[in-house]
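Chemist: Below are the structure tokens for one structure; questions will follow.
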Amino acid sequence: MSSFAIAVRVFDGEAPYLQSFIDHHRRLGVDSFYPVVAPGAAPLCREIFARNGIAFHESDGQRISSVQDLIREDYVAVIDADEYLHPDLFSFLDQEKAESLLMPWRLTASMNDGFFEAPQKRFFVFPQIKSIVKTSALHRLRLHASATTGSGRCLGIAQGQQFPVQHYYLRGLDDLLLKEGGVVKRTLAQSSGRKEVNLNADTNSMDFPSRHARVAFLLNVLKSMPDQPDPYSMSLDRSMLDHLRDNVEGDPEAAKQELHDSVVKIQKVYRNRTIRREIRATQQLLAADPCKVSYQKRVLKLLRQDFQFRRSWLGRLEHTCDSLLMHWT
């Protein structure tokens, strides 16, 4: 039997969900975890790793390549703490002896705080990828597709669709609160998804974090998806959640409402036609010979297009109304 390892970057915003992540992958048969934390950061995650007998590794910028030379297991996957590997993945690799496999995201999200532990969810498969590779052929460990140097079989997204990485993209408003840099001091998440996006530079401009656009797009897509059983067993460490919420600057409920309103505002920019078209386009891509698509770039491109459309359409409508008003008066 082959052995398996997971390399993961973590910060304290993940602490309420980290034990569930560890438990899931230990049930799958993961032999070793290689967590990377920023120097002096993530005290809650360090506590969880110590409790589980897992050694963590410090690296400036949380460079995942810093643990590459430590890995001795046969296979290694680089995933985040909100991503879960498929239960049948390891037996498949044992049988196929593949050198690498690319796996798409199976995304789910909600702004409901009870969502993470709910038995039913909605899912959307998107060709953003994660990979699992044979360590003996590993050239460079990367966050998405690690590079290999061997001559073995490298399986793409077409094969990897059988084993999608289940990505809990937004586990509720508490999750979004903990991921917001500067809201919870100890998470040290200032650079995580907080890049400001400007749709235009005039008086009608909208400025917002790119994370909010990505969430808004996915929530709109999921409206068209059916409820399905979530086969993975999820649990939330509420003591860790309470600990983090105590470090929120100001009123956490007010902060969550502000985050909710920001996401909803962006949701209203996306046209229903755009969402339906993207669902069809993604399904057609996955049914053919799929290649990696950047989720963030695609989401922001569509948002800009829909914003310009709505602004120009509303501008024409306003001009027409003014003309009619002048005519009748």
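Labels for the structure tokens follow display order: chains A, B, ..., residues from 1 in each chain, ligands from 1.
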Need the shell around Met240 (chain A): protein/DNA/RNA residues with any atom at most 9 Å away, counting only C-alpha atoms. Skip same-chain ones fewer than 6 positions apart. Format as a short mmCIF file (atom, residue, chain, number, x, y, z; two decimals) with N, CA, C and O atoms, in the first residue's frame?

Modeler:
data_model
loop_
_atom_site.label_atom_id
_atom_site.label_comp_id
_atom_site.auth_asym_id
_atom_site.auth_seq_id
_atom_site.Cartn_x
_atom_site.Cartn_y
_atom_site.Cartn_z
N ALA A 15 -9.04 27.85 12.57
CA ALA A 15 -9.00 27.04 13.79
C ALA A 15 -10.33 26.34 14.12
O ALA A 15 -10.32 25.17 14.52
N PRO A 16 -11.50 27.00 13.96
CA PRO A 16 -12.74 26.29 14.30
C PRO A 16 -13.03 25.08 13.40
O PRO A 16 -13.86 24.24 13.76
N TYR A 17 -12.38 25.03 12.24
CA TYR A 17 -12.65 23.98 11.26
C TYR A 17 -11.49 23.00 11.10
O TYR A 17 -11.61 22.01 10.39
N LEU A 44 -3.55 29.35 17.85
CA LEU A 44 -4.62 28.37 18.03
C LEU A 44 -4.40 27.13 17.18
O LEU A 44 -4.62 26.00 17.63
#

Chemist: Which residue, A:His243, A:Arg142, A:Arg27, A:Arg51, has the smallest gap to Ser65 (chain A) when you use only C-alpha atoms?

Modeler: A:Arg142

Chemist: Set the distance at 9 Å and use only C-alpha atoms: which residues neighbour Leu173 (chain A) once local chain neighbours fewer than 2 positions away are removed? I'd like the list as a PyMOL selection string.

Modeler: chain A and resi 110-113+170-171+175-178+256-257+259-260

Chemist: Of the candidates A:Lys121, A:Lys179, A:His57, A:His25, which shows the shortest atom-to-atom distance to Leu70 (chain A), using only C-alpha atoms?

Modeler: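 Using only C-alpha atoms, the shortest distance to Leu70 (chain A) belongs to A:His57.
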
Chemist: Could you check which of A:Pro87, A:Gly13, A:Thr148, A:Met1 is closest to Asp242 (chain A), using only C-alpha atoms?

Modeler: A:Gly13

Chemist: For the strand (DSSP E) assignment from backbone DSSP, which residues of region 29-193 of chain A qualify? Please present them as a PyMOL selection string.

Modeler: chain A and resi 32-37+57-58+75-78+83-84+100-110+120-121+124-134+138-140+147-148+154-155+165-171

Chemist: Between A:Arg72, A:His167, A:Lys97, A:Arg140, which residue has the minimum interatomic distance to Asp230 (chain A), considering only C-alpha atoms?

Modeler: A:His167

Chemist: Pick out the closest residue to Tyr75 (chain A) from this set: A:Gln159, A:Ser239, A:Gln228, A:Ser146. Count only C-alpha atoms.

Modeler: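 The closest residue to Tyr75 (chain A) is A:Ser146.
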
Chemist: Can you tell me which residues surround region 273-284 of chain A at a distance of at most 10 Å, considering only C-alpha atoms, apart from same-chain residues fewer than 5 positions away, and format the answer as a list in words?

Modeler: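 Selected residues are Phe124, Val125, Phe126, Pro127, Phe217, Leu218, Asn220, Val221, Leu222, Lys223, Ser224, Met225, Asp289, Pro290, Val293, Arg298, Val299, Leu302, Leu303, Gln305 and Asp306 of chain A.
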
Chemist: Find, counting only C-alpha atoms, the residue in A:Val165, A:Ala145, A:Leu236, A:Val30 that gets nearest to Trp105 (chain A).

Modeler: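 Closest candidate: A:Val165.
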
Chemist: Quick one: residues within 12 Å of Ala158 (chain A), only C-alpha atoms, excluding same-chain residues fewer than 3 positions away - as a list in words?

Modeler: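 Using only C-alpha atoms, the neighbours found are Leu101, Leu102, Met103, Pro104, Pro127, Ile129, Cys154, Leu155, Gln161, Gln162, Phe163, Pro164, Leu285, Leu286, Ala287, Ala288, Asp289, Pro290, Cys291 and Lys292 of chain A.
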
Chemist: Write the residues of the selection above to a file with C-alpha atoms, as a CSV table (one decimal), in the first residue's frame.

Modeler:
chain,number,residue,atom,x,y,z
A,101,LEU,CA,-3.5,13.6,-11.0
A,102,LEU,CA,-5.3,16.9,-11.5
A,103,MET,CA,-8.6,17.3,-9.5
A,104,PRO,CA,-11.2,20.1,-10.0
A,127,PRO,CA,-12.1,23.4,-13.4
A,129,ILE,CA,-7.4,22.5,-10.0
A,154,CYS,CA,0.1,12.3,-15.6
A,155,LEU,CA,-3.7,12.3,-15.5
A,161,GLN,CA,-13.4,14.6,-12.2
A,162,GLN,CA,-14.1,11.3,-10.5
A,163,PHE,CA,-12.3,12.6,-7.4
A,164,PRO,CA,-13.0,16.3,-7.1
A,285,LEU,CA,-15.9,22.4,-20.8
A,286,LEU,CA,-15.9,19.6,-18.2
A,287,ALA,CA,-17.6,17.3,-20.7
A,288,ALA,CA,-14.9,17.9,-23.3
A,289,ASP,CA,-11.2,18.1,-22.7
A,290,PRO,CA,-11.0,20.5,-19.8
A,291,CYS,CA,-8.1,22.7,-18.9
A,292,LYS,CA,-7.5,24.8,-15.8

Chemist: Report the residues of region 195-269 of chain A whose backbone DSSP state falls under alpha helix (DSSP H), written as a PyMOL selection string.

Modeler: chain A and resi 210-222+238-245+252-267
